[in-house]
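A.B. asks: Data: model.cif, mmCIF, C-alpha atoms and all ligand atoms.
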```cif
data_upload
#
loop_
_atom_site.label_atom_id
_atom_site.label_comp_id
_atom_site.auth_asym_id
_atom_site.auth_seq_id
_atom_site.Cartn_x
_atom_site.Cartn_y
_atom_site.Cartn_z
CA MET A 1 -44.36 34.01 34.85
CA ARG A 2 -44.47 35.58 31.41
CA TYR A 3 -45.39 39.18 30.75
CA ARG A 4 -47.16 40.90 27.86
CA THR A 5 -47.31 44.55 26.85
CA LEU A 6 -50.60 46.25 27.70
CA GLY A 7 -51.88 47.73 24.45
CA SER A 8 -49.91 50.76 23.27
CA SER A 9 -48.67 51.48 26.82
CA ASP A 10 -45.20 50.92 28.25
CA LEU A 11 -46.65 48.60 30.90
CA GLU A 12 -45.57 44.96 31.03
CA VAL A 13 -48.23 42.93 32.83
CA SER A 14 -48.12 39.34 34.04
CA GLU A 15 -50.15 36.91 31.90
CA ILE A 16 -51.98 35.89 35.07
CA SER A 17 -53.20 38.78 37.21
CA LEU A 18 -55.12 38.99 40.47
CA GLY A 19 -58.52 40.63 40.93
CA SER A 20 -60.38 41.57 44.10
CA TRP A 21 -64.12 41.58 43.20
CA LEU A 22 -66.03 39.17 45.49
CA THR A 23 -62.93 38.09 47.33
CA TYR A 24 -61.11 41.01 48.92
CA SER A 25 -64.20 43.22 49.04
CA GLY A 26 -65.38 41.21 52.04
CA GLY A 27 -65.85 37.59 50.93
CA VAL A 28 -62.39 36.55 52.07
CA GLU A 29 -60.94 37.25 55.55
CA ALA A 30 -58.20 39.88 55.94
CA ASP A 31 -55.49 37.28 56.66
CA ALA A 32 -56.33 35.30 53.53
CA THR A 33 -56.50 38.50 51.47
CA ARG A 34 -52.97 39.32 52.57
CA ALA A 35 -51.77 35.74 51.99
CA CYS A 36 -53.24 35.64 48.46
CA THR A 37 -51.78 39.03 47.57
CA GLU A 38 -48.31 38.10 48.85
CA ALA A 39 -48.58 34.76 47.02
CA ALA A 40 -49.18 36.74 43.85
CA PHE A 41 -45.93 38.67 44.30
CA ASP A 42 -44.11 35.38 45.05
CA ALA A 43 -45.49 33.88 41.84
CA GLY A 44 -44.37 36.81 39.67
CA ILE A 45 -47.84 38.36 39.32
CA ASN A 46 -47.36 42.12 38.98
CA PHE A 47 -50.85 43.16 37.82
CA PHE A 48 -53.66 43.86 40.30
CA ASP A 49 -57.22 44.76 39.30
CA THR A 50 -59.76 46.35 41.62
CA ALA A 51 -62.68 48.82 41.43
CA ASN A 52 -64.11 51.56 43.60
CA ALA A 53 -67.41 49.65 43.72
CA TYR A 54 -66.00 46.37 45.07
CA GLY A 55 -67.47 46.47 48.57
CA ARG A 56 -67.98 50.23 48.00
CA GLY A 57 -64.33 50.96 48.66
CA ALA A 58 -63.54 47.94 50.86
CA ALA A 59 -61.43 46.10 48.26
CA GLU A 60 -59.37 49.21 47.48
CA THR A 61 -58.86 49.88 51.20
CA ALA A 62 -57.68 46.31 51.82
CA TRP A 63 -55.19 46.48 48.95
CA GLY A 64 -54.10 50.00 49.86
CA GLU A 65 -52.79 48.61 53.12
CA ILE A 66 -51.13 45.53 51.63
CA LEU A 67 -49.76 46.89 48.34
CA SER A 68 -48.37 50.10 49.82
CA ALA A 69 -45.80 47.98 51.69
CA HIS A 70 -44.33 47.08 48.26
CA PRO A 71 -42.33 49.51 46.10
CA ARG A 72 -44.85 51.35 43.90
CA ASP A 73 -42.94 50.50 40.73
CA SER A 74 -43.03 46.76 41.50
CA TYR A 75 -46.71 46.39 40.54
CA VAL A 76 -49.18 47.61 37.94
CA LEU A 77 -52.37 48.83 39.60
CA ALA A 78 -55.76 49.08 37.91
CA THR A 79 -59.05 50.32 39.29
CA LYS A 80 -62.43 51.31 37.86
CA VAL A 81 -65.27 53.79 38.12
CA TYR A 82 -68.99 53.63 37.21
CA PHE A 83 -71.09 51.59 39.62
CA PRO A 84 -72.97 53.30 42.51
CA MET A 85 -70.87 54.30 45.50
CA SER A 86 -73.76 55.25 47.78
CA ASP A 87 -77.56 55.32 47.82
CA ASP A 88 -77.52 58.81 46.29
CA PRO A 89 -78.71 58.23 42.68
CA ALA A 90 -76.16 60.83 41.44
CA ASP A 91 -73.25 58.93 43.00
CA ARG A 92 -72.62 56.71 40.00
CA GLY A 93 -71.64 56.77 36.34
CA LEU A 94 -69.10 58.56 34.21
CA SER A 95 -69.97 62.26 34.46
CA ALA A 96 -67.00 64.62 34.74
CA PRO A 97 -67.67 65.49 38.41
CA GLN A 98 -68.13 61.82 39.32
CA ILE A 99 -64.86 60.78 37.64
CA ALA A 100 -63.00 63.68 39.32
CA LYS A 101 -64.42 62.75 42.72
CA GLN A 102 -63.97 58.99 42.40
CA ILE A 103 -60.36 59.00 41.21
CA ASP A 104 -59.35 61.01 44.28
CA ALA A 105 -61.29 58.69 46.59
CA SER A 106 -59.71 55.62 44.95
CA LEU A 107 -56.18 57.04 45.27
CA THR A 108 -56.75 57.80 48.95
CA ARG A 109 -57.97 54.26 49.64
CA LEU A 110 -55.17 52.73 47.57
CA ARG A 111 -52.57 54.91 49.36
CA THR A 112 -50.89 56.02 46.15
CA ASP A 113 -50.68 59.16 44.02
CA HIS A 114 -51.52 57.36 40.78
CA VAL A 115 -52.99 54.21 39.30
CA ASP A 116 -51.46 52.74 36.18
CA LEU A 117 -54.82 51.96 34.60
CA TYR A 118 -58.15 53.71 35.23
CA GLN A 119 -61.09 51.91 33.69
CA ALA A 120 -64.68 52.72 32.88
CA HIS A 121 -66.41 49.78 34.55
CA ARG A 122 -69.29 50.08 32.05
CA PHE A 123 -70.38 52.65 29.45
CA ASP A 124 -72.58 55.46 30.76
CA THR A 125 -75.38 55.96 28.25
CA THR A 126 -76.78 58.90 30.28
CA VAL A 127 -73.72 61.17 29.92
CA PRO A 128 -72.44 62.68 26.64
CA ILE A 129 -69.41 60.63 25.61
CA GLU A 130 -67.44 63.85 25.02
CA ASP A 131 -67.78 64.69 28.75
CA THR A 132 -66.54 61.27 29.81
CA ILE A 133 -63.54 61.36 27.50
CA GLU A 134 -62.54 64.88 28.55
CA ALA A 135 -62.78 63.81 32.21
CA PHE A 136 -60.52 60.79 31.61
CA GLN A 137 -58.05 62.94 29.64
CA LYS A 138 -57.92 65.33 32.61
CA VAL A 139 -57.19 62.47 35.03
CA VAL A 140 -54.23 61.47 32.85
CA ALA A 141 -53.04 65.08 32.43
CA GLN A 142 -53.09 65.47 36.22
CA GLY A 143 -50.90 62.37 36.57
CA LYS A 144 -53.54 60.53 38.60
CA ALA A 145 -53.75 57.68 36.08
CA ARG A 146 -51.20 56.68 33.47
CA TYR A 147 -53.62 55.03 31.04
CA ILE A 148 -57.35 54.53 30.49
CA GLY A 149 -59.30 51.36 29.78
CA PHE A 150 -62.92 50.24 29.54
CA SER A 151 -64.94 47.20 30.53
CA GLU A 152 -67.85 45.63 28.65
CA TRP A 153 -68.29 48.40 26.11
CA THR A 154 -70.10 47.41 22.91
CA PRO A 155 -68.26 47.69 19.57
CA GLU A 156 -70.34 50.80 18.77
CA GLN A 157 -69.31 52.43 22.05
CA ILE A 158 -65.65 51.49 21.59
CA GLN A 159 -65.59 52.91 18.07
CA ALA A 160 -67.32 56.15 19.13
CA ALA A 161 -64.80 56.62 21.94
CA ILE A 162 -61.79 56.00 19.70
CA ASP A 163 -63.18 58.35 17.05
CA LEU A 164 -63.33 61.11 19.65
CA ALA A 165 -60.26 60.42 21.77
CA GLY A 166 -57.86 59.19 19.12
CA PRO A 167 -55.92 55.95 19.38
CA GLU A 168 -53.66 56.72 22.37
CA LEU A 169 -56.00 57.22 25.31
CA PHE A 170 -57.33 53.66 25.65
CA VAL A 171 -54.96 50.75 26.18
CA SER A 172 -57.24 48.00 27.51
CA SER A 173 -60.63 46.37 27.24
CA GLN A 174 -61.96 44.21 30.08
CA PRO A 175 -64.63 41.76 28.93
CA GLN A 176 -65.79 38.54 30.51
CA TYR A 177 -64.06 35.75 28.58
CA SER A 178 -63.64 32.05 29.21
CA MET A 179 -64.38 28.69 27.60
CA LEU A 180 -67.96 29.27 28.78
CA TRP A 181 -68.30 32.88 27.58
CA GLN A 182 -66.68 33.36 24.20
CA ALA A 183 -68.80 36.26 22.93
CA PRO A 184 -66.05 38.95 22.82
CA GLU A 185 -64.16 36.94 20.19
CA ALA A 186 -66.86 37.85 17.66
CA GLU A 187 -66.15 41.59 17.35
CA VAL A 188 -64.48 43.19 20.36
CA PHE A 189 -61.15 41.37 19.99
CA ASP A 190 -60.61 42.44 16.35
CA LEU A 191 -61.82 46.01 16.81
CA CYS A 192 -59.51 46.53 19.79
CA ALA A 193 -56.54 44.81 18.15
CA ALA A 194 -56.85 47.20 15.19
CA HIS A 195 -56.28 50.06 17.67
CA ASP A 196 -53.57 48.37 19.78
CA ILE A 197 -55.94 47.91 22.72
CA SER A 198 -55.32 44.72 24.75
CA GLN A 199 -57.91 42.45 26.33
CA ILE A 200 -57.57 41.84 30.06
CA VAL A 201 -60.30 39.31 30.70
CA TRP A 202 -62.40 38.70 33.79
CA SER A 203 -63.63 35.45 35.31
CA PRO A 204 -61.43 33.28 33.06
CA LEU A 205 -62.30 30.33 35.34
CA ALA A 206 -66.02 31.18 35.12
CA GLN A 207 -65.89 32.01 38.83
CA GLY A 208 -64.43 28.60 39.66
CA VAL A 209 -66.79 26.49 37.53
CA LEU A 210 -63.90 25.75 35.12
CA THR A 211 -61.89 24.18 37.93
CA GLY A 212 -64.32 21.22 37.75
CA LYS A 213 -65.06 21.31 41.48
CA TYR A 214 -68.81 21.69 40.94
CA LYS A 215 -70.24 18.30 39.90
CA PRO A 216 -73.61 17.94 38.15
CA GLY A 217 -76.34 16.69 40.49
CA GLN A 218 -74.09 16.94 43.54
CA PRO A 219 -74.15 19.43 46.42
CA VAL A 220 -72.07 22.57 46.01
CA PRO A 221 -68.76 22.07 47.90
CA GLU A 222 -68.67 23.89 51.23
CA GLY A 223 -66.58 27.04 51.32
CA SER A 224 -66.71 27.53 47.54
CA ARG A 225 -68.03 30.68 45.89
CA PHE A 226 -71.33 29.18 44.78
CA ALA A 227 -72.04 27.92 48.29
CA SER A 228 -72.70 31.56 49.19
CA ALA A 229 -76.30 32.76 48.90
CA ASP A 230 -75.06 36.12 47.59
CA MET A 231 -73.90 34.44 44.41
CA ALA A 232 -77.38 33.27 43.37
CA VAL A 233 -77.71 36.21 40.96
CA SER A 234 -74.56 35.46 39.03
CA GLN A 235 -75.05 31.72 38.81
CA ASP A 236 -77.31 31.46 35.76
CA LEU A 237 -74.66 32.26 33.16
CA VAL A 238 -72.08 29.73 34.19
CA TYR A 239 -73.89 27.32 36.43
CA SER A 240 -76.39 24.73 35.23
CA ASP A 241 -76.24 20.95 35.06
CA ALA A 242 -75.71 21.12 31.27
CA ILE A 243 -72.70 23.40 31.77
CA LEU A 244 -71.31 21.35 34.66
CA GLU A 245 -71.59 18.21 32.51
CA ALA A 246 -69.69 19.91 29.68
CA VAL A 247 -67.00 20.98 32.15
CA GLN A 248 -66.64 17.35 33.33
CA ARG A 249 -66.05 16.35 29.68
CA LEU A 250 -62.99 18.63 29.76
CA VAL A 251 -61.39 16.74 32.66
CA PRO A 252 -59.94 13.81 30.62
CA ILE A 253 -58.73 16.26 27.95
CA ALA A 254 -56.74 18.14 30.58
CA GLU A 255 -55.42 14.89 32.06
CA GLU A 256 -54.28 13.60 28.68
CA ALA A 257 -52.45 16.90 28.11
CA GLY A 258 -50.76 16.48 31.51
CA LEU A 259 -52.60 19.47 32.98
CA ASP A 260 -55.22 20.10 35.61
CA LEU A 261 -58.48 21.75 34.59
CA PRO A 262 -57.78 25.30 35.88
CA THR A 263 -54.48 25.27 33.97
CA LEU A 264 -56.21 24.11 30.78
CA ALA A 265 -58.87 26.82 31.17
CA LEU A 266 -56.34 29.60 31.73
CA ALA A 267 -53.98 28.43 28.96
CA TRP A 268 -57.05 28.33 26.69
CA VAL A 269 -57.77 32.06 27.17
CA LEU A 270 -54.07 32.97 26.98
CA ARG A 271 -53.76 31.24 23.58
CA ARG A 272 -55.21 34.45 22.11
CA ARG A 273 -52.53 37.06 21.52
CA GLU A 274 -55.17 39.79 21.82
CA LEU A 275 -55.02 39.12 25.56
CA ALA A 276 -52.48 40.82 27.78
CA SER A 277 -53.67 39.11 30.95
CA ALA A 278 -56.23 36.78 32.50
CA ILE A 279 -57.60 38.37 35.69
CA THR A 280 -58.13 35.54 38.16
CA GLY A 281 -59.72 35.59 41.58
CA ALA A 282 -58.48 33.52 44.51
CA SER A 283 -59.76 32.77 48.00
CA ARG A 284 -56.63 30.84 49.01
CA PRO A 285 -52.91 31.36 48.30
CA GLU A 286 -52.61 27.81 46.87
CA GLN A 287 -55.06 28.85 44.13
CA VAL A 288 -52.85 31.82 43.24
CA HIS A 289 -49.80 29.58 42.83
CA ALA A 290 -51.75 26.96 40.87
CA ASN A 291 -53.21 29.56 38.51
CA ALA A 292 -49.91 31.38 37.99
CA ALA A 293 -48.44 28.10 36.69
CA ALA A 294 -50.69 28.37 33.61
CA SER A 295 -48.50 31.15 32.22
CA GLY A 296 -46.35 29.78 29.42
CA VAL A 297 -48.41 26.61 28.89
CA GLU A 298 -49.02 26.12 25.15
CA LEU A 299 -51.98 24.02 23.99
CA THR A 300 -51.71 21.90 20.84
CA GLU A 301 -54.25 22.10 18.00
CA ASP A 302 -55.43 18.61 19.01
CA VAL A 303 -56.21 19.79 22.52
CA LEU A 304 -58.03 22.88 21.24
CA THR A 305 -60.13 20.76 18.88
CA ALA A 306 -60.96 18.32 21.68
CA VAL A 307 -62.06 21.25 23.88
CA ASP A 308 -64.37 22.58 21.15
CA ARG A 309 -65.88 19.14 20.70
CA ALA A 310 -66.37 18.64 24.44
CA LEU A 311 -68.11 21.98 24.85
CA GLY A 312 -70.30 21.61 21.77
CA ASP A 313 -73.12 24.15 21.88
CA THR A 314 -73.07 24.34 25.66
CA PRO A 315 -71.27 27.63 26.28
CA VAL A 316 -72.87 31.00 25.82
CA THR A 317 -71.21 32.00 22.57
CA GLU A 318 -73.76 34.41 21.09
CA PRO A 319 -72.48 38.00 20.96
CA THR A 320 -75.00 39.12 23.54
CA LEU A 321 -74.34 42.01 25.89
CA ALA A 322 -72.69 41.05 29.14
CA PRO A 323 -74.78 41.63 32.26
CA GLY A 324 -74.82 45.28 33.18
CA ALA A 325 -73.73 46.53 29.75
CA GLU A 326 -76.19 48.76 27.91
CA ALA A 327 -76.22 49.58 24.20
CA GLY A 328 -76.14 53.13 22.83
CA VAL A 329 -74.06 56.31 22.93
CA LYS A 330 -75.24 59.74 24.14
CA ARG A 331 -73.69 62.78 22.46
CA ARG A 332 -73.60 66.45 23.38
N1 LIG B 401 -65.01 44.28 34.72
C1 LIG B 401 -65.97 43.61 35.32
O1 LIG B 401 -67.16 43.93 35.20
C2 LIG B 401 -65.60 42.45 36.19
C3 LIG B 401 -66.57 41.53 36.62
C4 LIG B 401 -66.17 40.47 37.40
C5 LIG B 401 -64.83 40.32 37.74
N2 LIG B 401 -63.90 41.25 37.32
C6 LIG B 401 -62.46 41.14 37.68
O2 LIG B 401 -62.00 39.83 37.42
C7 LIG B 401 -61.48 39.28 38.61
C8 LIG B 401 -61.62 37.80 38.60
O3 LIG B 401 -62.99 37.41 38.62
P1 LIG B 401 -63.38 36.04 39.31
O4 LIG B 401 -62.99 36.09 40.73
O5 LIG B 401 -64.80 35.75 38.98
O6 LIG B 401 -62.38 35.05 38.50
P2 LIG B 401 -62.21 33.50 38.34
O7 LIG B 401 -60.73 33.30 38.35
O8 LIG B 401 -63.01 33.01 37.18
O9 LIG B 401 -62.85 32.83 39.67
C9 LIG B 401 -62.16 32.96 40.88
C10 LIG B 401 -62.71 32.03 41.94
O10 LIG B 401 -62.62 30.66 41.52
C11 LIG B 401 -62.11 29.85 42.57
N3 LIG B 401 -60.75 29.42 42.17
C12 LIG B 401 -59.79 30.15 41.57
N4 LIG B 401 -58.69 29.41 41.32
C13 LIG B 401 -58.98 28.18 41.73
C14 LIG B 401 -58.24 26.96 41.71
N5 LIG B 401 -57.01 26.91 41.19
N6 LIG B 401 -58.84 25.85 42.21
C15 LIG B 401 -60.09 25.90 42.73
N7 LIG B 401 -60.84 27.02 42.77
C16 LIG B 401 -60.28 28.16 42.28
C17 LIG B 401 -62.07 30.75 43.81
O11 LIG B 401 -63.35 30.72 44.45
P3 LIG B 401 -63.74 29.77 45.70
O12 LIG B 401 -62.48 29.24 46.30
O13 LIG B 401 -64.49 30.67 46.61
O14 LIG B 401 -64.61 28.72 45.12
C18 LIG B 401 -61.88 32.11 43.20
O15 LIG B 401 -62.28 33.18 44.03
C19 LIG B 401 -62.23 40.02 39.72
O16 LIG B 401 -61.60 39.95 40.98
C20 LIG B 401 -62.24 41.41 39.17
O17 LIG B 401 -60.99 42.04 39.37
C21 LIG B 401 -64.28 42.31 36.56
#
```
In structure tokens, write the structure found in this file.
Ligand SMILES: NC(=O)c1ccc[n+]([C@@H]2O[C@H](COP(=O)([O-])OP(=O)(O)OC[C@H]3O[C@@H](n4cnc5c(N)ncnc54)[C@H](OP(=O)(O)O)[C@@H]3O)[C@@H](O)[C@H]2O)c1
C.D. replies:
Amino acid sequence: MRYRTLGSSDLEVSEISLGSWLTYSGGVEADATRACTEAAFDAGINFFDTANAYGRGAAETAWGEILSAHPRDSYVLATKVYFPMSDDPADRGLSAPQIAKQIDASLTRLRTDHVDLYQAHRFDTTVPIEDTIEAFQKVVAQGKARYIGFSEWTPEQIQAAIDLAGPELFVSSQPQYSMLWQAPEAEVFDLCAAHDISQIVWSPLAQGVLTGKYKPGQPVPEGSRFASADMAVSQDLVYSDAILEAVQRLVPIAEEAGLDLPTLALAWVLRRRELASAITGASRPEQVHANAAASGVELTEDVLTAVDRALGDTPVTEPTLAPGAEAGVKRR
């Protein structure tokens, strides 16, 4: 496993990291959650990404139990705040009271006195940005988080936050990024790089679509993520016959390069030095080991050109907002 520095921080994170969104928030049994997490340690993965909203605390609770058995300085722990935590309409967002309440709740569930990275899961357009930044600065000053990051902020929101907070507060940006969702390359990568903010990208395998296991016109394999009815909402972006056909065109390219498709897909995102880590999900420990092996794989220019040709216009490359992200900035 190779490691990269997270933005301007002193954190060294594994190029492949493990996330807990639909998996360890309830989608995957407790035994498999433990097996995947231990497989990550075995494979040299030291970076773990969760959020308060994953299963409304369930993912943090599961990892609190498993990770707290490991020395605290042997892993880099990231969580997030923004999405609703209850049916109370006030129990969401990035107001100062909400951030103060949610960091404490996350730390309790994670059984630690600090996270390494505390991230805004989205931008809150209903709260003055000054309030949000002051609240994050307080969390850092209290020692409850070492660094702050954001997820799916627009370039305008990123710039406004940096203008107010200065260059040191934010060390990471977490956009969706994969062969099938290349939009952040257009602006977010450059803007962040200019301020020493790393990308840590989510769904680099397009939720499993880039493993090639979903075949156009064929039934969804049993036990896979898209076999679950709950996933119907998220399918549109990465799951159509046109996309599945494009993914099948990548298979011979991977084979000719001596790789399997997940490795090609992960090496493809890691080719960008703006990335510190690709945050993968896994439902089985074998997937963790397979994905970790993509660290250090270099793709030739010929392979990259062949990938572009195979994808053609299929992927969603327009710089549209990711689902859930809203434009705009509210000021005091
Ligand atoms: N900031 C945000 O808004 C945001 C949003 C989404 C995710 N995230 C973060 O990003 C993390 C990763 O997202 P993701 O789970 O969608 O990532 P992903 O790596 O694109 O997809 C993971 C899923 O693909 C399948 N898979 C993975 N490796 C495989 C392999 N080698 N062979 C076959 N199938 C494989 C597994 O599903 P099955 O086995 O069930 O098919 C696995 O759960 C999340 O856990 C979360 O931490 C953040």
A.B. asks: Can you work out which residues are within 7 Å of ligand LIG 401 (chain B), considering all atoms listed in the file, and then hand them over as a ChimeraX atom specification?
C.D. replies: /A:18-23,49-50,121,151-152,174-176,201-208,211,213,223-226,262,279-284,287-288,290-291
A.B. asks: Just give me the gap between atom CA of A:His195 and atom CA of A:Leu169 in Å, one decimal is fine.
C.D. replies: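 Rounded to one decimal, the two atoms are 10.5 Å apart.
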A.B. asks: To one decimal place, how far is atom CA of A:Cys36 from atom CA of A:Ala293 in Å?
C.D. replies: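 We find that atom CA of A:Cys36 and atom CA of A:Ala293 lie 14.8 Å from each other.
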A.B. asks: One number please: atom CA of A:Asp260 to atom CA of A:Gly212, in Å, one decimal.
C.D. replies: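 Separation between atom CA of A:Asp260 and atom CA of A:Gly212: 9.4 Å.
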A.B. asks: Using all atoms listed in the file, can you tell me which of A:Glu12, A:Gln119, A:Ala58, A:Ile133 comes closest to A:Tyr75?
C.D. replies: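 Among the listed residues, the smallest separation from A:Tyr75 belongs to A:Glu12.
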A.B. asks: Can you tell me, as a list in words, what residues are no more than 8 Å from A:Arg332 when counting all atoms listed in the file, ignoring any on the same chain fewer than 3 positions away?
C.D. replies: Pro128, Ile129 and Glu130 of chain A
A.B. asks: Looking at A:Ser178, A:Thr108, A:Thr37, A:Thr154, which one is nearest to A:Thr125, with distances taken over only C-alpha atoms?
C.D. replies: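 Checking each candidate against A:Thr125, we get A:Thr154 as the closest.
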A.B. asks: Which residue out of A:Asp163, A:Ala135, A:Ser17, A:Arg56 has the minimum interatomic distance to A:Ala39 when all atoms listed in the file are used?
C.D. replies: A:Ser17
A.B. asks: Pick out the residues sitting within 10 Å of A:Leu107, and hand them over as a PyMOL selection string; count only C-alpha atoms, and ignore anything fewer than 3 positions along from it in its own chain.
C.D. replies: chain A and resi 52+60-61+64+79+102-104+110-115+144-145
A.B. asks: Keeping C-alpha atoms, export the residues of the selection given above as a compact mmCIF listing (two decimals), in the coordinates of the input.
C.D. replies:
```
# COMPACT_ATOMS: atom_id res chain seq x y z
CA ASN A 52 -64.11 51.56 43.60
CA GLU A 60 -59.37 49.21 47.48
CA THR A 61 -58.86 49.88 51.20
CA GLY A 64 -54.10 50.00 49.86
CA THR A 79 -59.05 50.32 39.29
CA GLN A 102 -63.97 58.99 42.40
CA ILE A 103 -60.36 59.00 41.21
CA ASP A 104 -59.35 61.01 44.28
CA LEU A 110 -55.17 52.73 47.57
CA ARG A 111 -52.57 54.91 49.36
CA THR A 112 -50.89 56.02 46.15
CA ASP A 113 -50.68 59.16 44.02
CA HIS A 114 -51.52 57.36 40.78
CA VAL A 115 -52.99 54.21 39.30
CA LYS A 144 -53.54 60.53 38.60
CA ALA A 145 -53.75 57.68 36.08
```
A.B. asks: Mind listing whatever residues come within 12 Å of the point (-73.8, 44.6, 32.9)? Use only C-alpha atoms, file coordinates, and give them as a list of chain:residue names.
C.D. replies: A:Tyr82, A:Phe83, A:His121, A:Arg122, A:Phe123, A:Asp124, A:Ser151, A:Glu152, A:Trp153, A:Thr154, A:Pro175, A:Gln176, A:Ser234, A:Thr320, A:Leu321, A:Ala322, A:Pro323, A:Gly324, A:Ala325, A:Glu326, A:Ala327
A.B. asks: Is it possible to get the residues within 6 Å of (-58.3, 44.6, 24.0) (coordinates as in the file, counting only C-alpha atoms) written as a ChimeraX atom specification?
C.D. replies: /A:172-173,189,192,197-199
A.B. asks: Could the residues in this selection be saved with C-alpha atoms as a compact mmCIF listing (two decimals), in the coordinates of the input?
C.D. replies:
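New file part.txt:
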```
# COMPACT_ATOMS: atom_id res chain seq x y z
CA SER A 172 -57.24 48.00 27.51
CA SER A 173 -60.63 46.37 27.24
CA PHE A 189 -61.15 41.37 19.99
CA CYS A 192 -59.51 46.53 19.79
CA ILE A 197 -55.94 47.91 22.72
CA SER A 198 -55.32 44.72 24.75
CA GLN A 199 -57.91 42.45 26.33
```
A.B. asks: So, with only C-alpha atoms as the atoms that count, which of A:Leu261, A:Val13, A:Ala120, A:Ala40 lies closest to A:Ala292?
C.D. replies: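 The shortest atom-to-atom distance to A:Ala292 comes from A:Ala40.
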A.B. asks: Pick out the residues sitting within 10 Å of A:Leu11, and hand them over as JSON, numbers by chain; count all atoms listed in the file, and ignore anything fewer than 4 positions along from it in its own chain.
C.D. replies: {"A": [3, 4, 5, 6, 7, 47, 75, 76, 116, 117, 146, 147, 171]}
